[in-house]
Amino acid sequence: TADPDQALNHWERMLSNVTRSSFLDYLHSSPRMLDLLCTIFGNSDALAFTIIRDPTLVYWLAEEDVLSRPPARKGIEQSLHKQLSHLTVKELKLEVLRRFRRREMLRIGVRDLLRLADVPETTASLSDLAALLIHAAYEIVDADLRRQYGVPMHKRQGKWVETGFAVMGMGKLGGRELNYSSDVDLIYVYASHDGETRAF
């Protein structure tokens, strides 16, 4: 690997976080995954710690099409919606978003590391993931705030109407050119600066 000492350190962490016998049996039966983990552990601390934190991701990476095809935005959107659909507590939903982000960042990073994706595809995938997570986070928080305080409304031509809201992605996010260390620059815009929340 690029950094054998780093790889060995990550292997020690990994094997202290799993049932060693069953995990080693799995790797013995799947030399492809052994090679893949060596590559990850010896090249990327960030990807390695993602796997060490959640070893079940090893088995997910081994599934057909996880690495062989680029992540389609519609597909990951459906996957996230399915994971969120049965939850009602805001904190649980936000934790699903965090786990989902780690998993998809792992997929994008490993495809990049193995040169299965070029730079434009990688930056587009990172941007699509960020946009999806921002939208999902907005929907979760908006629903929670509406339950607590009511619907944001303002008067237009003497009538109360619901106040529109938009999240604008600026910079590299807006240009679908995010990289791994990019900040996500957002502007939040309400349709009116004068309004109130009203319960229904």
# chains A, B, ... in the order shown; residues from 1 in each chain; ligands from 1
>>> residues_around(residues="A:Ile134", least_positions_apart="3", cutoff="10 Å", atoms="only C-alpha atoms", output="list of chain:residue names")
A:Leu97, A:Asp128, A:Leu129, A:Ala130, A:Ala131, A:Ala137, A:Tyr138, A:Glu139, A:Ile140, A:Val167, A:Gly169, A:Val184, A:Leu186
>>> write_last_selection(atoms="C-alpha atoms", output="mmCIF file, in the first residue's frame")
data_model
loop_
_atom_site.group_PDB
_atom_site.id
_atom_site.type_symbol
_atom_site.label_atom_id
_atom_site.label_comp_id
_atom_site.auth_asym_id
_atom_site.auth_seq_id
_atom_site.Cartn_x
_atom_site.Cartn_y
_atom_site.Cartn_z
ATOM 1 C CA LEU A 97 -28.813 11.555 7.542
ATOM 2 C CA ASP A 128 -25.514 15.747 -5.680
ATOM 3 C CA LEU A 129 -25.094 14.113 -2.266
ATOM 4 C CA ALA A 130 -24.750 17.481 -0.552
ATOM 5 C CA ALA A 131 -27.838 18.857 -2.297
ATOM 6 C CA ALA A 137 -32.409 18.216 6.464
ATOM 7 C CA TYR A 138 -34.569 21.183 5.514
ATOM 8 C CA GLU A 139 -37.691 19.013 5.252
ATOM 9 C CA ILE A 140 -37.007 17.378 8.634
ATOM 10 C CA VAL A 167 -32.188 27.273 -0.065
ATOM 11 C CA GLY A 169 -26.391 26.659 -3.082
ATOM 12 C CA VAL A 184 -21.077 24.259 1.590
ATOM 13 C CA LEU A 186 -25.839 28.424 1.454
#
>>> select_by_dssp(residues="stretch 4-190 of chain A", states="strand (DSSP E)", output="number ranges by chain")
A: 151-156, 159-162, 165-169, 186-190
>>> residues_around(residues="A:Asp3", least_positions_apart="2", cutoff="9 Å", atoms="only C-alpha atoms", output="ChimeraX atom specification")
/A:1,5-8,41-43
>>> residues_around(residues="stretch 101-108 of chain A", least_positions_apart="5", cutoff="8 Å", atoms="only C-alpha atoms", output="PyMOL selection string")
chain A and resi 47+50+57+61+66-67+71+122+125-126+129+133
>>> write_last_selection(atoms="N, CA, C and O atoms", output="mmCIF file, in the first residue's frame")
data_model
loop_
_atom_site.group_PDB
_atom_site.id
_atom_site.type_symbol
_atom_site.label_atom_id
_atom_site.label_comp_id
_atom_site.auth_asym_id
_atom_site.auth_seq_id
_atom_site.Cartn_x
_atom_site.Cartn_y
_atom_site.Cartn_z
ATOM 1 N N LEU A 47 -11.514 7.480 4.941
ATOM 2 C CA LEU A 47 -12.303 6.316 4.537
ATOM 3 C C LEU A 47 -12.115 5.166 5.516
ATOM 4 O O LEU A 47 -13.061 4.437 5.836
ATOM 5 N N THR A 50 -14.171 5.677 8.620
ATOM 6 C CA THR A 50 -15.591 5.440 8.336
ATOM 7 C C THR A 50 -15.921 3.960 8.464
ATOM 8 O O THR A 50 -16.940 3.582 9.063
ATOM 9 N N LEU A 57 -20.225 -1.759 6.910
ATOM 10 C CA LEU A 57 -20.036 -1.157 5.594
ATOM 11 C C LEU A 57 -19.129 -2.003 4.703
ATOM 12 O O LEU A 57 -19.181 -1.884 3.482
ATOM 13 N N LEU A 61 -20.029 -2.675 0.854
ATOM 14 C CA LEU A 61 -19.132 -2.421 -0.286
ATOM 15 C C LEU A 61 -19.015 -3.641 -1.194
ATOM 16 O O LEU A 61 -18.753 -3.505 -2.388
ATOM 17 N N VAL A 66 -22.498 -1.589 -5.944
ATOM 18 C CA VAL A 66 -22.174 -0.486 -5.028
ATOM 19 C C VAL A 66 -20.972 0.287 -5.539
ATOM 20 O O VAL A 66 -20.963 1.525 -5.539
ATOM 21 N N LEU A 67 -19.942 -0.430 -5.999
ATOM 22 C CA LEU A 67 -18.749 0.231 -6.519
ATOM 23 C C LEU A 67 -18.649 0.194 -8.032
ATOM 24 O O LEU A 67 -17.972 1.032 -8.638
ATOM 25 N N PRO A 71 -23.014 6.316 -8.347
ATOM 26 C CA PRO A 71 -24.286 6.482 -7.632
ATOM 27 C C PRO A 71 -25.224 7.409 -8.399
ATOM 28 O O PRO A 71 -24.862 8.540 -8.716
ATOM 29 N N THR A 122 -16.710 12.547 -9.836
ATOM 30 C CA THR A 122 -16.570 12.597 -8.382
ATOM 31 C C THR A 122 -17.121 13.893 -7.820
ATOM 32 O O THR A 122 -17.883 13.893 -6.833
ATOM 33 N N SER A 125 -20.873 13.867 -8.040
ATOM 34 C CA SER A 125 -21.468 12.975 -7.040
ATOM 35 C C SER A 125 -21.459 13.612 -5.660
ATOM 36 O O SER A 125 -22.443 13.518 -4.908
ATOM 37 N N LEU A 126 -20.354 14.270 -5.309
ATOM 38 C CA LEU A 126 -20.281 14.966 -4.025
ATOM 39 C C LEU A 126 -21.314 16.084 -3.951
ATOM 40 O O LEU A 126 -21.958 16.292 -2.915
ATOM 41 N N LEU A 129 -24.872 14.607 -3.627
ATOM 42 C CA LEU A 129 -25.094 14.113 -2.266
ATOM 43 C C LEU A 129 -25.357 15.268 -1.314
ATOM 44 O O LEU A 129 -26.279 15.212 -0.501
ATOM 45 N N LEU A 133 -28.815 15.884 0.838
ATOM 46 C CA LEU A 133 -28.812 15.938 2.291
ATOM 47 C C LEU A 133 -29.343 17.282 2.803
ATOM 48 O O LEU A 133 -30.061 17.332 3.806
#
>>> residues_around(residues="stretch 76-84 of chain A", least_positions_apart="2", cutoff="8 Å", atoms="only C-alpha atoms", output="list in words")
Pro71, Ala72, Arg73, Lys74, His86, Leu87, Lys93, Val96, Leu97, Phe100 and Leu132 of chain A
>>> write_last_selection(atoms="N, CA, C and O atoms", output="compact mmCIF listing (two decimals), in the first residue's frame")
# COMPACT_ATOMS: atom_id res chain seq x y z
N PRO A 71 -23.01 6.32 -8.35
CA PRO A 71 -24.29 6.48 -7.63
C PRO A 71 -25.22 7.41 -8.40
O PRO A 71 -24.86 8.54 -8.72
N ALA A 72 -26.40 6.91 -8.72
CA ALA A 72 -27.40 7.73 -9.41
C ALA A 72 -28.17 8.53 -8.39
O ALA A 72 -28.59 8.00 -7.35
N ARG A 73 -28.36 9.81 -8.66
CA ARG A 73 -29.03 10.68 -7.68
C ARG A 73 -30.42 10.15 -7.34
O ARG A 73 -30.81 10.14 -6.18
N LYS A 74 -31.16 9.71 -8.34
CA LYS A 74 -32.51 9.21 -8.08
C LYS A 74 -32.48 7.99 -7.18
O LYS A 74 -33.30 7.84 -6.27
N HIS A 86 -40.21 5.64 7.87
CA HIS A 86 -40.87 5.02 9.02
C HIS A 86 -40.53 5.71 10.34
O HIS A 86 -41.00 5.28 11.39
N LEU A 87 -39.73 6.78 10.29
CA LEU A 87 -39.32 7.47 11.51
C LEU A 87 -40.17 8.73 11.73
O LEU A 87 -40.59 9.38 10.78
N LYS A 93 -34.17 10.95 12.70
CA LYS A 93 -34.05 11.24 11.27
C LYS A 93 -32.72 11.89 10.95
O LYS A 93 -32.07 11.56 9.95
N VAL A 96 -30.04 9.35 10.91
CA VAL A 96 -30.06 8.61 9.63
C VAL A 96 -29.32 9.41 8.56
O VAL A 96 -28.55 8.84 7.77
N LEU A 97 -29.53 10.72 8.51
CA LEU A 97 -28.81 11.55 7.54
C LEU A 97 -27.31 11.46 7.73
O LEU A 97 -26.55 11.37 6.75
N PHE A 100 -26.15 8.06 6.55
CA PHE A 100 -26.28 8.00 5.10
C PHE A 100 -25.15 8.77 4.44
O PHE A 100 -24.56 8.31 3.45
N LEU A 132 -28.84 16.70 -1.88
CA LEU A 132 -29.86 15.78 -1.37
C LEU A 132 -29.96 15.87 0.15
O LEU A 132 -31.06 15.94 0.72
>>> atom_distance(atom1="atom CA of A:His135", atom2="atom CA of A:Phe165")
11.8 Å
>>> atom_distance(atom1="atom CA of A:Gly75", atom2="atom CA of A:Ile187")
26.9 Å
>>> atom_distance(atom1="atom CA of A:Ser21", atom2="atom CA of A:Leu114")
27.9 Å
>>> residues_around(residues="A:Gly171", least_positions_apart="5", cutoff="10 Å", atoms="only C-alpha atoms", output="PyMOL selection string")
chain A and resi 176-178+182-186
>>> closest_residue(among="A:Ser68, A:Tyr59, A:Gly109, A:Phe49", to="A:Tyr26", atoms="only C-alpha atoms")
A:Tyr59
>>> closest_residue(among="A:Asp118, A:Asp65, A:Ser29, A:Ala166", to="A:Asp142", atoms="only C-alpha atoms")
A:Ala166
>>> select_by_dssp(residues="stretch 59-150 of chain A", states="helix (DSSP H, G or I)", output="count of residues only")
71
>>> closest_residue(among="A:Glu162, A:Arg146, A:Asn179, A:Arg99", to="A:Val119", atoms="only C-alpha atoms")
A:Asn179
